[in-house]
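Asks: Here you go, this is start.txt (compact mmCIF, C-alpha atoms).
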# COMPACT_ATOMS: atom_id res chain seq x y z
CA MET A 182 89.76 79.80 79.10
CA GLN A 183 89.46 83.56 79.41
CA ARG A 184 87.82 85.11 82.43
CA ARG A 185 84.14 86.02 81.98
CA LEU A 186 82.92 88.90 84.13
CA GLU A 187 79.75 88.53 86.16
CA PRO A 188 77.64 91.31 87.77
CA GLU A 189 79.59 92.99 90.55
CA LEU A 190 76.62 93.42 92.90
CA MET A 191 74.05 90.94 94.15
CA LEU A 192 70.84 92.99 94.20
CA ASP A 193 68.04 90.74 92.95
CA GLU A 194 65.87 89.78 95.93
CA ALA A 195 65.38 86.17 94.81
CA GLN A 196 69.10 85.80 94.23
CA VAL A 197 69.94 87.34 97.61
CA ARG A 198 67.44 85.11 99.39
CA ALA A 199 68.79 81.98 97.69
CA TYR A 200 72.32 82.90 98.71
CA ALA A 201 71.40 83.88 102.27
CA GLU A 202 69.48 80.66 102.86
CA ALA A 203 72.09 78.38 101.26
CA ASP A 204 74.47 76.21 103.27
CA PHE A 205 78.04 77.45 102.75
CA SER A 206 79.19 76.07 106.09
CA ASP A 207 82.07 74.00 104.65
CA ALA A 208 83.69 76.93 102.84
CA ASN A 209 82.92 79.40 105.63
CA GLN A 210 84.38 77.12 108.29
CA ARG A 211 87.47 76.63 106.15
CA PHE A 212 87.89 80.39 106.07
CA VAL A 213 87.34 80.72 109.84
CA GLN A 214 89.96 78.04 110.48
CA LEU A 215 92.42 79.96 108.32
CA ALA A 216 91.62 83.35 109.85
CA SER A 217 91.38 82.50 113.54
CA PRO A 218 95.10 81.80 114.16
CA GLN A 219 95.99 84.97 112.27
CA LEU A 220 93.71 87.04 114.52
CA ASP A 221 95.32 85.44 117.57
CA ALA A 222 98.75 86.32 116.21
CA VAL A 223 98.09 90.04 115.70
CA GLY A 224 95.51 90.61 118.45
CA ALA A 225 97.77 89.82 121.40
CA GLY A 226 98.57 92.98 123.33
CA ARG A 227 96.16 95.20 121.42
CA ALA A 228 93.45 96.78 123.53
CA ARG A 229 90.65 96.82 120.95
CA PRO A 230 91.73 95.11 117.74
CA CYS A 231 89.36 95.56 114.81
CA ALA A 232 88.88 93.46 111.67
CA VAL A 233 87.16 94.36 108.42
CA ASP A 234 85.53 91.79 106.14
CA LEU A 235 85.36 93.04 102.56
CA GLY A 236 82.35 91.58 100.76
CA CYS A 237 80.88 90.19 103.97
CA GLY A 238 77.46 89.21 102.57
CA HIS A 239 75.09 88.47 105.43
CA GLY A 240 78.01 88.14 107.82
CA ASP A 241 78.21 84.44 108.65
CA ILE A 242 82.01 84.41 108.79
CA LEU A 243 82.15 87.54 110.95
CA MET A 244 79.65 86.03 113.38
CA HIS A 245 81.76 82.91 113.83
CA LEU A 246 84.91 85.00 114.34
CA CYS A 247 83.06 87.27 116.76
CA ARG A 248 82.16 84.26 118.88
CA ARG A 249 85.72 82.89 118.80
CA HIS A 250 87.45 86.20 119.51
CA PRO A 251 85.60 88.14 122.23
CA ASP A 252 88.21 90.92 122.37
CA TRP A 253 87.76 91.86 118.72
CA GLU A 254 85.42 94.32 117.07
CA LEU A 255 84.40 93.43 113.53
CA LEU A 256 83.16 95.46 110.59
CA GLY A 257 81.36 93.92 107.66
CA VAL A 258 81.47 95.82 104.37
CA ASP A 259 79.33 94.95 101.37
CA ALA A 260 78.00 96.95 98.42
CA SER A 261 74.66 95.13 98.39
CA ALA A 262 72.04 96.65 100.69
CA PRO A 263 69.69 93.64 100.28
CA MET A 264 72.47 91.30 101.36
CA LEU A 265 73.36 93.36 104.44
CA ALA A 266 69.68 93.48 105.38
CA TRP A 267 69.89 89.73 106.05
CA ALA A 268 72.58 90.13 108.72
CA PRO A 269 70.24 90.71 111.73
CA ARG A 270 68.03 87.79 110.72
CA HIS A 271 71.02 85.52 110.22
CA PHE A 272 72.51 86.56 113.56
CA SER A 273 69.23 85.74 115.30
CA THR A 274 69.29 82.28 113.75
CA LYS A 275 72.93 81.69 114.70
CA SER A 276 72.33 82.87 118.26
CA ALA A 277 69.52 80.35 118.65
CA VAL A 278 71.64 77.55 117.20
CA TRP A 279 74.48 78.43 119.56
CA GLY A 280 72.10 78.61 122.51
CA LEU A 281 73.21 82.12 123.48
CA ALA A 282 71.46 83.87 126.32
CA GLU A 283 69.85 87.19 125.42
CA ASP A 284 72.57 89.24 127.10
CA GLU A 285 75.32 87.19 125.42
CA ALA A 286 73.74 87.70 122.00
CA ALA A 287 73.34 91.43 122.63
CA ALA A 288 76.99 91.78 123.64
CA MET A 289 78.13 89.94 120.51
CA TRP A 290 75.92 92.03 118.25
CA GLN A 291 77.40 95.22 119.71
CA ARG A 292 80.83 94.14 118.50
CA LEU A 293 79.54 93.72 114.94
CA GLN A 294 79.12 96.72 112.64
CA TRP A 295 77.90 96.89 109.05
CA ARG A 296 78.48 99.40 106.25
CA GLN A 297 77.24 99.49 102.69
CA LEU A 298 80.32 100.49 100.70
CA ARG A 299 81.81 99.72 97.32
CA LEU A 300 85.54 99.41 96.70
CA PRO A 301 87.47 101.61 96.65
CA ALA A 302 86.02 102.88 99.92
CA PRO A 303 87.69 106.16 100.98
CA GLN A 304 85.10 106.37 103.77
CA LEU A 305 87.24 103.83 105.63
CA ALA A 306 90.34 105.29 107.22
CA SER A 307 93.75 104.12 106.10
CA SER A 308 95.67 101.84 108.47
CA ALA A 309 92.52 101.34 110.56
CA PHE A 310 92.30 97.54 110.86
CA SER A 311 94.39 94.91 112.60
CA ALA A 312 92.97 92.30 110.21
CA VAL A 313 91.68 92.60 106.65
CA LEU A 314 89.58 89.64 105.56
CA SER A 315 87.70 88.73 102.41
CA ASN A 316 85.92 85.63 101.17
CA SER A 317 84.66 85.38 97.58
CA LEU A 318 84.68 89.08 96.73
CA LEU A 319 87.61 89.30 94.32
CA HIS A 320 85.94 87.37 91.50
CA HIS A 321 83.07 89.88 91.47
CA LEU A 322 85.36 92.83 90.72
CA PRO A 323 86.19 93.88 87.17
CA SER A 324 89.56 95.32 88.31
CA PRO A 325 91.42 93.18 90.87
CA GLU A 326 93.99 95.95 91.37
CA VAL A 327 91.39 97.94 93.33
CA PHE A 328 90.96 95.06 95.76
CA TRP A 329 94.66 94.59 96.51
CA GLU A 330 95.30 98.32 96.85
CA GLU A 331 92.43 98.75 99.30
CA LEU A 332 93.46 95.72 101.31
CA TYR A 333 96.96 97.14 101.67
CA ARG A 334 95.70 100.64 102.50
CA LEU A 335 93.35 99.49 105.24
CA ALA A 336 95.83 97.29 107.11
CA ARG A 337 97.40 98.58 110.33
CA ARG A 338 100.69 96.75 110.68
CA PRO A 339 101.23 94.17 111.91
CA ALA A 340 97.96 93.14 110.27
CA ALA A 341 96.47 89.75 109.53
CA ILE A 342 95.60 89.27 105.85
CA VAL A 343 93.23 86.42 104.98
CA VAL A 344 91.65 86.11 101.53
CA MET A 345 89.87 83.15 99.99
CA ASP A 346 88.03 82.78 96.68
CA LEU A 347 87.17 80.44 93.85
CA LEU A 348 89.57 79.10 91.23
CA ARG A 349 88.68 79.31 87.55
CA PRO A 350 88.60 75.90 85.85
CA ASP A 351 90.36 75.30 82.53
CA SER A 352 87.14 75.13 80.51
CA VAL A 353 83.41 75.79 80.62
CA ALA A 354 82.80 72.04 80.51
CA GLU A 355 85.00 71.55 83.56
CA ALA A 356 83.18 74.35 85.37
CA GLU A 357 79.81 72.81 84.54
CA GLN A 358 81.02 69.44 85.79
CA LEU A 359 82.12 71.04 89.07
CA VAL A 360 78.72 72.68 89.51
CA ALA A 361 77.03 69.33 88.86
CA SER A 362 79.18 67.54 91.42
CA VAL A 363 79.14 70.20 94.15
CA ALA A 364 75.75 71.91 93.77
CA ALA A 365 73.49 69.23 92.29
CA SER A 366 70.95 69.64 95.10
CA SER A 367 71.05 73.45 95.09
CA SER A 368 68.42 75.70 93.55
CA PRO A 369 68.72 76.66 89.85
CA ILE A 370 69.54 80.21 90.96
CA LEU A 371 72.50 79.04 93.03
CA GLN A 372 73.72 76.68 90.32
CA SER A 373 73.64 79.49 87.76
CA ASP A 374 75.42 81.88 90.13
CA PHE A 375 78.04 79.29 91.02
CA LEU A 376 78.84 78.68 87.36
CA ALA A 377 79.07 82.42 86.67
CA SER A 378 81.37 82.86 89.67
CA LEU A 379 83.67 80.06 88.56
CA LEU A 380 83.99 81.60 85.12
CA ALA A 381 84.67 85.04 86.64
CA SER A 382 87.38 83.78 89.00
CA PHE A 383 91.14 83.81 88.58
CA THR A 384 93.79 81.13 88.16
CA LEU A 385 96.68 80.72 90.59
CA GLU A 386 99.06 82.12 87.98
CA GLU A 387 96.92 85.23 87.49
CA LEU A 388 96.66 85.78 91.23
CA ARG A 389 100.39 85.54 91.71
CA GLU A 390 100.93 88.03 88.92
CA GLN A 391 98.41 90.40 90.53
CA LEU A 392 100.16 90.20 93.89
CA ALA A 393 103.58 90.74 92.36
CA ARG A 394 102.28 94.00 90.88
CA SER A 395 100.35 94.99 94.01
CA PRO A 396 101.57 96.99 97.03
CA LEU A 397 101.88 93.67 98.89
CA GLY A 398 104.72 92.72 96.58
CA ALA A 399 106.18 89.59 95.01
CA ALA A 400 106.90 87.90 98.34
CA TRP A 401 103.18 87.58 98.97
CA SER A 402 102.57 85.96 95.60
CA GLU A 403 104.27 82.85 96.97
CA ARG A 404 101.63 82.57 99.70
CA VAL A 405 98.74 81.90 97.32
CA VAL A 406 97.84 78.24 97.70
CA GLN A 407 95.02 75.98 96.62
CA VAL A 408 93.03 74.82 99.68
CA SER A 409 90.27 72.75 98.04
CA GLU A 410 89.25 71.53 94.61
CA ARG A 411 87.67 74.93 93.96
CA HIS A 412 89.27 77.41 96.39
CA TRP A 413 92.54 79.26 96.83
CA ALA A 414 93.65 81.18 99.93
CA LEU A 415 96.17 83.80 100.97
CA CYS A 416 97.13 84.08 104.64
CA GLY A 417 99.80 85.92 106.55
CA VAL A 418 100.78 88.87 108.68
CA LEU A 419 101.67 92.11 106.92
CA ARG A 420 104.54 93.79 108.76
Show this structure as structure tokens.
Replies:
Amino acid sequence: MQRRLEPELMLDEAQVRAYAEADFSDANQRFVQLASPQLDAVGAGRARPCAVDLGCGHGDILMHLCRRHPDWELLGVDASAPMLAWAPRHFSTKSAVWGLAEDEAAAMWQRLQWRQLRLPAPQLASSAFSAVLSNSLLHHLPSPEVFWEELYRLARRPAAIVVMDLLRPDSVAEAEQLVASVAASSSPILQSDFLASLLASFTLEELREQLARSPLGAAWSERVVQVSERHWALCGVLR
């Protein structure tokens, strides 16, 4: 099955609200579990390590990493202004769930920054980040080369690289079956978006070909692995 592009930006208010209020805790926690050891590996000995999350959405992953890694500063980048607008509200909810005192929440929020940018993003300095992260952005982009080039450009070596995204099924029917099994209780908006995202995603073979052609090089193509029935991940330290 050929890849079918979906809209690059999430701008519709109803769509943004449905996404922001949805429960992606399983996938997000999987990403945090992959990223956290990588941040530990590259953060040791650095005075103020900084991570950037490309396609951060409303920032749930960054908030979890911020709580786990108090020495890190974190920047969330997303091209959707409506999605970024949800970040303060989401942080308030997370702070309450975590039972943070007001001063603790304020200190965490100060370590989180947000910028509305679209890739490529020359506004971000080259070699500026000790970790470059991204969850479920690549499938939105018409040209994956832009993503890999920016990821490489932004990394300050040694830099943690952690990327996760959806895998494209072999057929539309298989994609529809996956939506039915995973998102049966979700809203029609989320089900439609999930199907579109699956169809816009890449296969493992395509990803490995992309990496072999990218500045990261062929050695990194071997690090792409499937981590769930619908996700792949790439983790490592760029030296």
Asks: Give the answer as one residue: which of A:Gly398, A:Pro269, A:Gly417, A:Pro369 has the shortest atom-to-atom distance to A:Glu330, using all atoms listed in the file?
Replies: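 Once distances to A:Glu330 are computed over all atoms listed in the file, the minimum belongs to A:Gly398.
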Asks: Here is a test: counting only C-alpha atoms, which residue of A:Ala336, A:Glu410, A:Leu322, A:Leu281 is nearest to A:Ser307?
Replies: A:Ala336
Asks: So, with only C-alpha atoms as the atoms that count, which of A:Leu215, A:Val197, A:Leu318, A:Ala268 lies closest to A:Leu235?
Replies: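 The closest residue to A:Leu235 is A:Leu318.
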Asks: Could you check which of A:Ala288, A:Leu190, A:Leu332, A:Ala195 is closest to A:Ser261, using all atoms listed in the file?
Replies: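 Counting all atoms listed in the file, the residue closest to A:Ser261 is A:Leu190.
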Asks: List as a tab-separated table every residue of stretch 209-314 of chain A that is in contact with stretch 337-351 of chain A, defined as an atom at most 7 Å from one of its atoms (using only C-alpha atoms), together with the nearest atom pair and the distance in Å rounded to one decimal, sorted by chain and then rising number.
Replies:
residue	atom	partner	partner_atom	distance
A:Phe212	CA	A:Met345	CA	7.0
A:Ala216	CA	A:Val343	CA	6.0
A:Gln219	CA	A:Ala341	CA	5.5
A:Leu220	CA	A:Ala341	CA	6.3
A:Val223	CA	A:Ala340	CA	6.3
A:Ser308	CA	A:Arg337	CA	4.1
A:Ala309	CA	A:Arg337	CA	5.6
A:Phe310	CA	A:Arg337	CA	5.2
A:Ser311	CA	A:Ala340	CA	4.6
A:Ala312	CA	A:Ala341	CA	4.4
A:Val313	CA	A:Ile342	CA	5.2
A:Leu314	CA	A:Val343	CA	4.9
Asks: Output the selection as a PDB file, in the frame of the given file - C-alpha atoms for each residue.
Replies:
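The file below, part16.pdb, is the result:
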ATOM      1  CA  PHE A 212      87.890  80.390 106.070  1.00  0.00           C
ATOM      2  CA  ALA A 216      91.620  83.350 109.850  1.00  0.00           C
ATOM      3  CA  GLN A 219      95.990  84.970 112.270  1.00  0.00           C
ATOM      4  CA  LEU A 220      93.710  87.040 114.520  1.00  0.00           C
ATOM      5  CA  VAL A 223      98.090  90.040 115.700  1.00  0.00           C
ATOM      6  CA  SER A 308      95.670 101.840 108.470  1.00  0.00           C
ATOM      7  CA  ALA A 309      92.520 101.340 110.560  1.00  0.00           C
ATOM      8  CA  PHE A 310      92.300  97.540 110.860  1.00  0.00           C
ATOM      9  CA  SER A 311      94.390  94.910 112.600  1.00  0.00           C
ATOM     10  CA  ALA A 312      92.970  92.300 110.210  1.00  0.00           C
ATOM     11  CA  VAL A 313      91.680  92.600 106.650  1.00  0.00           C
ATOM     12  CA  LEU A 314      89.580  89.640 105.560  1.00  0.00           C
TER      13      LEU A 314
END
Asks: May I ask for the distance between atom CA of A:Tyr200 and atom CA of A:Gln183, given in Å to one decimal place?
Replies: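 Atom-to-atom, atom CA of A:Tyr200 and atom CA of A:Gln183 are spaced 25.8 Å apart.
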Asks: Rank A:Gln214, A:Asn316, A:Gln291, A:Ser378 by their smallest atom-to-atom distance to A:Val233, using all atoms listed in the file, and report the top residue only.
Replies: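 Closest residue, counting all atoms listed in the file: A:Asn316.
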Asks: Could you give me the axis-aligned bounding box of stretch 305-315 of chain A, with 8 Å of padding per side, as centre plus edge lengths in Å to one decimal, as lines of an AutoDock Vina configuration file?
Replies:
center_x = 91.5
center_y = 97.0
center_z = 107.5
size_x = 24.4
size_y = 32.6
size_z = 26.2
Asks: Provide the atom CA of A:Glu403 to atom CA of A:Trp329 distance in Å, to one decimal place.
Replies: 15.2 Å
Asks: Which neighbours of A:Leu371 fall inside 12 Å, counting all atoms listed in the file, when residues of the same chain fewer than 2 positions from it are skipped, and could you give them as an mmCIF file with C-alpha atoms, in the frame of the given file?
Replies:
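Written out: selection-v5.cif:
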data_model
loop_
_atom_site.group_PDB
_atom_site.id
_atom_site.type_symbol
_atom_site.label_atom_id
_atom_site.label_comp_id
_atom_site.auth_asym_id
_atom_site.auth_seq_id
_atom_site.Cartn_x
_atom_site.Cartn_y
_atom_site.Cartn_z
ATOM 1 C CA ALA A 195 65.380 86.170 94.810
ATOM 2 C CA GLN A 196 69.100 85.800 94.230
ATOM 3 C CA VAL A 197 69.940 87.340 97.610
ATOM 4 C CA ARG A 198 67.440 85.110 99.390
ATOM 5 C CA ALA A 199 68.790 81.980 97.690
ATOM 6 C CA TYR A 200 72.320 82.900 98.710
ATOM 7 C CA ALA A 201 71.400 83.880 102.270
ATOM 8 C CA GLU A 202 69.480 80.660 102.860
ATOM 9 C CA ALA A 203 72.090 78.380 101.260
ATOM 10 C CA ASP A 204 74.470 76.210 103.270
ATOM 11 C CA PHE A 205 78.040 77.450 102.750
ATOM 12 C CA VAL A 360 78.720 72.680 89.510
ATOM 13 C CA ALA A 361 77.030 69.330 88.860
ATOM 14 C CA VAL A 363 79.140 70.200 94.150
ATOM 15 C CA ALA A 364 75.750 71.910 93.770
ATOM 16 C CA ALA A 365 73.490 69.230 92.290
ATOM 17 C CA SER A 366 70.950 69.640 95.100
ATOM 18 C CA SER A 367 71.050 73.450 95.090
ATOM 19 C CA SER A 368 68.420 75.700 93.550
ATOM 20 C CA PRO A 369 68.720 76.660 89.850
ATOM 21 C CA SER A 373 73.640 79.490 87.760
ATOM 22 C CA ASP A 374 75.420 81.880 90.130
ATOM 23 C CA PHE A 375 78.040 79.290 91.020
ATOM 24 C CA LEU A 376 78.840 78.680 87.360
ATOM 25 C CA ALA A 377 79.070 82.420 86.670
ATOM 26 C CA SER A 378 81.370 82.860 89.670
#
Asks: Which residue is closest to A:Lys275? Choose from A:Ile370, A:Ile242, A:Leu305, A:Leu256 and count all atoms listed in the file.
Replies: A:Ile242
Asks: Which residues are close to A:Pro301, i.e. within 8 Å by all atoms listed in the file, leaving aside same-chain residues fewer than 4 positions away? Reply as a PyMOL selection string.
Replies: chain A and resi 327-328+331
Asks: State, in Å with one decimal place, the distance from atom CA of A:Asp259 to atom CA of A:Arg185.
Replies: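 Taking atom CA of A:Asp259 and atom CA of A:Arg185, their separation equals 21.9 Å.
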Asks: Need the shell around A:Leu293: protein/DNA/RNA residues with any atom at most 12 Å away, counting only C-alpha atoms. Skip same-chain ones fewer than 5 positions apart. Format as JSON, numbers by chain?
Replies: {"A": [231, 232, 233, 234, 237, 239, 240, 241, 242, 243, 244, 245, 246, 247, 248, 250, 251, 252, 253, 254, 255, 256, 257, 258, 268, 269, 272, 286, 287, 288]}
Asks: Please identify all polymer residues within 12 Å of A:Arg394, counting only C-alpha atoms, omitting same-chain residues fewer than 5 positions from it, and present them as a PyMOL selection string.
Replies: chain A and resi 325-327+329-330+387-389+399-402
Asks: Since the input has fewer atoms than a full residue there, write stretch 187-211 of chain A out with N, CA, C and O atoms, as a compact mmCIF listing (two decimals), in the coordinates of the input.
Replies:
# COMPACT_ATOMS: atom_id res chain seq x y z
N GLU A 187 81.13 88.65 85.73
CA GLU A 187 79.75 88.53 86.16
C GLU A 187 79.35 89.85 86.83
O GLU A 187 80.21 90.68 87.13
N PRO A 188 78.05 90.07 87.11
CA PRO A 188 77.64 91.31 87.77
C PRO A 188 78.38 91.50 89.09
O PRO A 188 78.54 90.54 89.86
N GLU A 189 78.82 92.73 89.35
CA GLU A 189 79.59 92.99 90.55
C GLU A 189 78.74 92.91 91.81
O GLU A 189 79.20 92.47 92.86
N LEU A 190 77.48 93.35 91.72
CA LEU A 190 76.62 93.42 92.90
C LEU A 190 75.52 92.38 92.86
O LEU A 190 74.97 92.08 91.79
N MET A 191 75.17 91.85 94.02
CA MET A 191 74.05 90.94 94.15
C MET A 191 72.88 91.74 94.70
O MET A 191 72.82 92.04 95.90
N LEU A 192 71.93 92.10 93.82
CA LEU A 192 70.84 92.99 94.20
C LEU A 192 69.46 92.37 94.04
O LEU A 192 68.51 92.81 94.68
N ASP A 193 69.33 91.37 93.18
CA ASP A 193 68.04 90.74 92.95
C ASP A 193 67.59 90.03 94.23
O ASP A 193 68.33 89.24 94.82
N GLU A 194 66.34 90.31 94.66
CA GLU A 194 65.87 89.78 95.93
C GLU A 194 65.84 88.25 95.96
O GLU A 194 66.20 87.63 96.95
N ALA A 195 65.41 87.63 94.86
CA ALA A 195 65.38 86.17 94.81
C ALA A 195 66.79 85.59 94.88
O ALA A 195 67.03 84.58 95.55
N GLN A 196 67.71 86.23 94.21
CA GLN A 196 69.10 85.80 94.23
C GLN A 196 69.70 85.95 95.63
O GLN A 196 70.38 85.05 96.14
N VAL A 197 69.43 87.09 96.25
CA VAL A 197 69.94 87.34 97.61
C VAL A 197 69.37 86.33 98.59
O VAL A 197 70.08 85.78 99.44
N ARG A 198 68.07 86.08 98.49
CA ARG A 198 67.44 85.11 99.39
C ARG A 198 68.04 83.70 99.20
O ARG A 198 68.34 83.00 100.18
N ALA A 199 68.23 83.30 97.96
CA ALA A 199 68.79 81.98 97.69
C ALA A 199 70.18 81.87 98.29
O ALA A 199 70.54 80.83 98.88
N TYR A 200 70.97 82.91 98.16
CA TYR A 200 72.32 82.90 98.71
C TYR A 200 72.29 82.89 100.24
O TYR A 200 73.00 82.13 100.89
N ALA A 201 71.44 83.75 100.81
CA ALA A 201 71.40 83.88 102.27
C ALA A 201 70.90 82.61 102.94
O ALA A 201 71.30 82.30 104.08
N GLU A 202 70.04 81.87 102.27
CA GLU A 202 69.48 80.66 102.86
C GLU A 202 70.28 79.40 102.51
O GLU A 202 69.96 78.32 103.01
N ALA A 203 71.29 79.54 101.68
CA ALA A 203 72.09 78.38 101.26
C ALA A 203 73.06 77.96 102.38
O ALA A 203 73.38 78.75 103.28
N ASP A 204 73.52 76.75 102.29
CA ASP A 204 74.47 76.21 103.27
C ASP A 204 75.90 76.29 102.70
O ASP A 204 76.30 75.47 101.88
N PHE A 205 76.64 77.31 103.15
CA PHE A 205 78.04 77.45 102.75
C PHE A 205 78.95 77.14 103.94
O PHE A 205 80.06 77.67 104.03
N SER A 206 78.47 76.30 104.84
CA SER A 206 79.19 76.07 106.09
C SER A 206 80.59 75.49 105.87
O SER A 206 81.53 75.85 106.57
N ASP A 207 80.75 74.60 104.88
CA ASP A 207 82.07 74.00 104.65
C ASP A 207 83.10 75.07 104.28
O ASP A 207 84.18 75.14 104.86
N ALA A 208 82.76 75.89 103.28
CA ALA A 208 83.69 76.93 102.84
C ALA A 208 83.89 77.98 103.93
O ALA A 208 85.02 78.44 104.16
N ASN A 209 82.81 78.37 104.59
CA ASN A 209 82.92 79.40 105.63
C ASN A 209 83.77 78.91 106.81
O ASN A 209 84.58 79.67 107.36
N GLN A 210 83.58 77.65 107.20
CA GLN A 210 84.38 77.12 108.29
C GLN A 210 85.84 76.99 107.89
O GLN A 210 86.75 77.17 108.72
N ARG A 211 86.09 76.67 106.63
CA ARG A 211 87.47 76.63 106.15
C ARG A 211 88.11 78.00 106.30
O ARG A 211 89.26 78.12 106.75
